[in-house]
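Asker: My structure file protein15.csv, CSV, C-alpha atoms, is below:
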chain,number,residue,atom,x,y,z
A,1,MET,CA,160.2,37.8,65.3
A,2,GLY,CA,158.9,40.6,63.1
A,3,HIS,CA,155.3,39.8,63.9
A,4,TRP,CA,156.0,40.2,67.6
A,5,ILE,CA,157.3,43.7,67.0
A,6,ALA,CA,154.2,44.5,64.9
A,7,ALA,CA,151.9,43.1,67.6
A,8,GLY,CA,153.8,45.2,70.2
A,9,ILE,CA,153.4,48.3,68.2
A,10,ILE,CA,149.7,47.7,67.6
A,11,ALA,CA,149.2,47.1,71.3
A,12,ILE,CA,151.0,50.4,72.2
A,13,VAL,CA,149.0,52.3,69.6
A,14,ALA,CA,145.8,50.8,70.9
A,15,LEU,CA,146.6,51.8,74.4
A,16,TYR,CA,147.4,55.3,73.3
A,17,LEU,CA,144.2,55.6,71.3
A,18,PHE,CA,141.8,54.2,73.9
A,19,ALA,CA,143.4,55.7,77.0
A,20,ASP,CA,141.5,58.7,78.3
A,21,GLY,CA,144.8,60.6,78.8
A,22,ASN,CA,143.8,61.7,82.2
A,23,ASP,CA,146.2,60.4,84.8
A,24,SER,CA,145.1,62.8,87.5
A,25,PRO,CA,142.3,61.8,90.0
A,26,PRO,CA,138.8,63.1,89.3
A,27,GLN,CA,138.2,66.5,90.7
A,28,SER,CA,135.0,67.7,92.3
A,29,VAL,CA,133.3,70.8,91.0
A,30,THR,CA,132.4,73.3,93.7
A,31,ARG,CA,130.4,76.4,93.3
A,32,GLN,CA,130.8,79.5,95.4
A,33,LEU,CA,127.9,80.2,97.8
A,34,SER,CA,125.8,83.3,97.2
A,35,VAL,CA,125.8,86.1,99.8
A,36,ALA,CA,122.3,85.0,100.9
A,37,GLU,CA,123.5,81.4,101.3
A,38,LYS,CA,126.4,82.5,103.4
A,39,LEU,CA,124.1,84.5,105.7
A,40,VAL,CA,121.7,81.5,106.0
A,41,LEU,CA,124.7,79.5,107.3
A,42,ILE,CA,125.7,82.3,109.8
A,43,ASP,CA,122.2,82.4,111.2
A,44,GLY,CA,121.4,78.7,110.9
A,45,ASN,CA,118.2,79.4,109.0
A,46,PRO,CA,118.2,76.7,106.3
A,47,GLY,CA,115.6,77.2,103.6
A,48,ARG,CA,115.4,81.0,104.0
A,49,GLU,CA,117.8,82.0,101.3
A,50,ARG,CA,115.1,83.7,99.3
A,51,ASP,CA,114.2,85.9,102.3
A,52,TYR,CA,117.8,87.0,102.7
A,53,ASP,CA,118.2,87.6,99.0
A,54,LEU,CA,115.1,89.7,98.6
A,55,LEU,CA,116.1,91.9,101.6
A,56,LEU,CA,119.7,92.2,100.3
A,57,GLY,CA,118.4,93.2,96.9
A,58,ASP,CA,116.1,95.9,98.3
A,59,LEU,CA,118.8,97.2,100.6
A,60,ALA,CA,121.4,97.2,97.8
A,61,VAL,CA,119.1,99.6,95.9
A,62,LYS,CA,118.2,101.7,98.9
A,63,CYS,CA,121.9,102.0,100.0
A,64,GLY,CA,123.4,102.2,96.6
A,65,GLU,CA,125.8,99.4,97.6
A,66,ALA,CA,126.5,95.8,96.5
A,67,LYS,CA,124.7,93.0,98.3
A,68,ILE,CA,128.1,91.9,99.8
A,69,ASP,CA,128.6,95.4,101.4
A,70,VAL,CA,125.1,95.4,102.8
A,71,SER,CA,125.6,91.9,104.3
A,72,ASP,CA,129.0,93.0,105.8
A,73,THR,CA,127.3,95.9,107.5
A,74,ALA,CA,124.6,93.6,108.9
A,75,VAL,CA,127.0,91.0,110.1
A,76,ARG,CA,129.1,93.6,111.8
A,77,GLY,CA,126.0,95.2,113.3
A,78,THR,CA,124.8,91.9,114.9
A,79,GLN,CA,128.3,91.4,116.3
A,80,VAL,CA,128.4,94.9,117.8
A,81,MET,CA,124.8,94.4,119.2
A,82,LYS,CA,125.9,91.3,121.0
A,83,ASP,CA,129.3,92.6,122.2
A,84,ARG,CA,128.3,96.1,123.3
A,85,ARG,CA,124.5,95.9,123.9
A,86,ASN,CA,124.2,92.3,125.0
A,87,VAL,CA,121.4,91.9,122.4
A,88,SER,CA,121.3,88.9,120.2
A,89,MET,CA,119.9,89.3,116.7
A,90,THR,CA,120.1,87.2,113.6
A,91,VAL,CA,121.5,88.8,110.5
A,92,LEU,CA,118.0,88.4,109.0
A,93,GLU,CA,116.5,90.4,111.9
A,94,PHE,CA,119.1,93.1,111.5
A,95,LEU,CA,118.5,93.3,107.7
A,96,GLN,CA,114.7,93.6,108.4
A,97,ALA,CA,115.3,96.4,110.9
A,98,MET,CA,117.5,98.2,108.4
A,99,ASP,CA,115.0,97.8,105.6
A,100,GLY,CA,112.2,99.0,107.9
A,101,ALA,CA,114.1,102.1,108.8
A,102,ILE,CA,114.6,103.3,105.2
A,103,PRO,CA,111.7,104.5,103.1
A,104,ALA,CA,110.7,102.2,100.2
A,105,ASN,CA,111.7,104.7,97.4
A,106,ALA,CA,115.0,105.7,99.0
A,107,GLU,CA,118.3,105.4,97.0
A,108,SER,CA,121.8,106.0,98.1
A,109,THR,CA,121.0,106.0,101.8
A,110,ASP,CA,123.8,105.9,104.3
A,111,CYS,CA,123.2,102.3,105.4
A,112,THR,CA,126.2,102.3,107.7
A,113,GLY,CA,124.6,105.3,109.5
A,114,ILE,CA,121.3,103.5,109.7
A,115,ALA,CA,123.0,100.4,111.2
A,116,ALA,CA,124.8,102.6,113.7
A,117,ALA,CA,121.5,104.2,114.7
A,118,LEU,CA,119.9,100.8,115.1
A,119,ILE,CA,122.7,99.8,117.4
A,120,THR,CA,122.5,103.0,119.4
A,121,LEU,CA,118.7,102.9,119.8
A,122,THR,CA,118.4,99.2,120.6
A,123,GLY,CA,118.8,98.0,124.1
A,124,GLN,CA,118.5,101.4,125.7
I'd like the structure from this file rewritten - as structure tokens, please.

Answerer:
Amino acid sequence: MGHWIAAGIIAIVALYLFADGNDSPPQSVTRQLSVAEKLVLIDGNPGRERDYDLLLGDLAVKCGEAKIDVSDTAVRGTQVMKDRRNVSMTVLEFLQAMDGAIPANAESTDCTGIAAALITLTGQ
């Protein structure tokens, strides 16, 4: 009978040693989308992430703001253009218009004001 107890103890120790210890189901790893990737999804422009990212980088410097703040201004700008001016623009087009309205060497420009001017002047 003693050998059955020893065999049982060995079996329990073996299970303990060779079990992975992870009783939870495997979890997927997700990464957060970049600002440019989010804008690509909004516009439906797959493969253009680099274009968005370059414009956001340029405007972040010109505006003295983070890329996310520049993108928020552009998304709101496109929404206002559609709602108030009945003009459809992609976020990329709005970013390009903002970038073109600000001199290349500018820093700390009021980009919200630039966006407002674009909205005001477009569709008149």

Asker: Find the residue from A:Cys111, A:Leu92, A:Ile119, A:Ile68 that sits nearest to Leu33 (chain A); use only C-alpha atoms when measuring.

Answerer: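 Answer, going by the shortest atom-to-atom distance: A:Ile68.
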
Asker: Could you list, as JSON, numbers by chain, every residue within 12 Å of Arg84 (chain A), counting all atoms listed in the file and ignoring same-chain residues fewer than 4 positions away?

Answerer: {"A": [76, 77, 78, 79, 80, 88, 119, 120, 122, 123, 124]}

Asker: Identify which of the residues A:Leu41, A:Gly57, A:Ala106, A:Ser34 lies closest to Val70 (chain A), counting all atoms listed in the file when measuring atom-to-atom distances.

Answerer: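 Comparing A:Leu41, A:Gly57, A:Ala106, A:Ser34 against Val70 (chain A), the winner is A:Gly57.
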
Asker: Separation of CA of Val75 (chain A) and CA of Gly113 (chain A), in Å?

Answerer: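 These atoms are spaced 14.5 Å apart.
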
Asker: How far is it from CA of Asn86 (chain A) to CA of Ala116 (chain A), in Å with one decimal?

Answerer: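 Separation between CA of Asn86 (chain A) and CA of Ala116 (chain A): 15.3 Å.
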
Asker: Could you state the separation of CA of Ser108 (chain A) and CA of Leu39 (chain A) in Å, given to one decimal place?

Answerer: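 Interatomic distance here is 22.9 Å.
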
Asker: Which one is closest to Val91 (chain A): A:Asn105, A:Val29, A:Tyr52, A:Val35? Count all atoms listed in the file.

Answerer: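 Closest residue, counting all atoms listed in the file: A:Tyr52.
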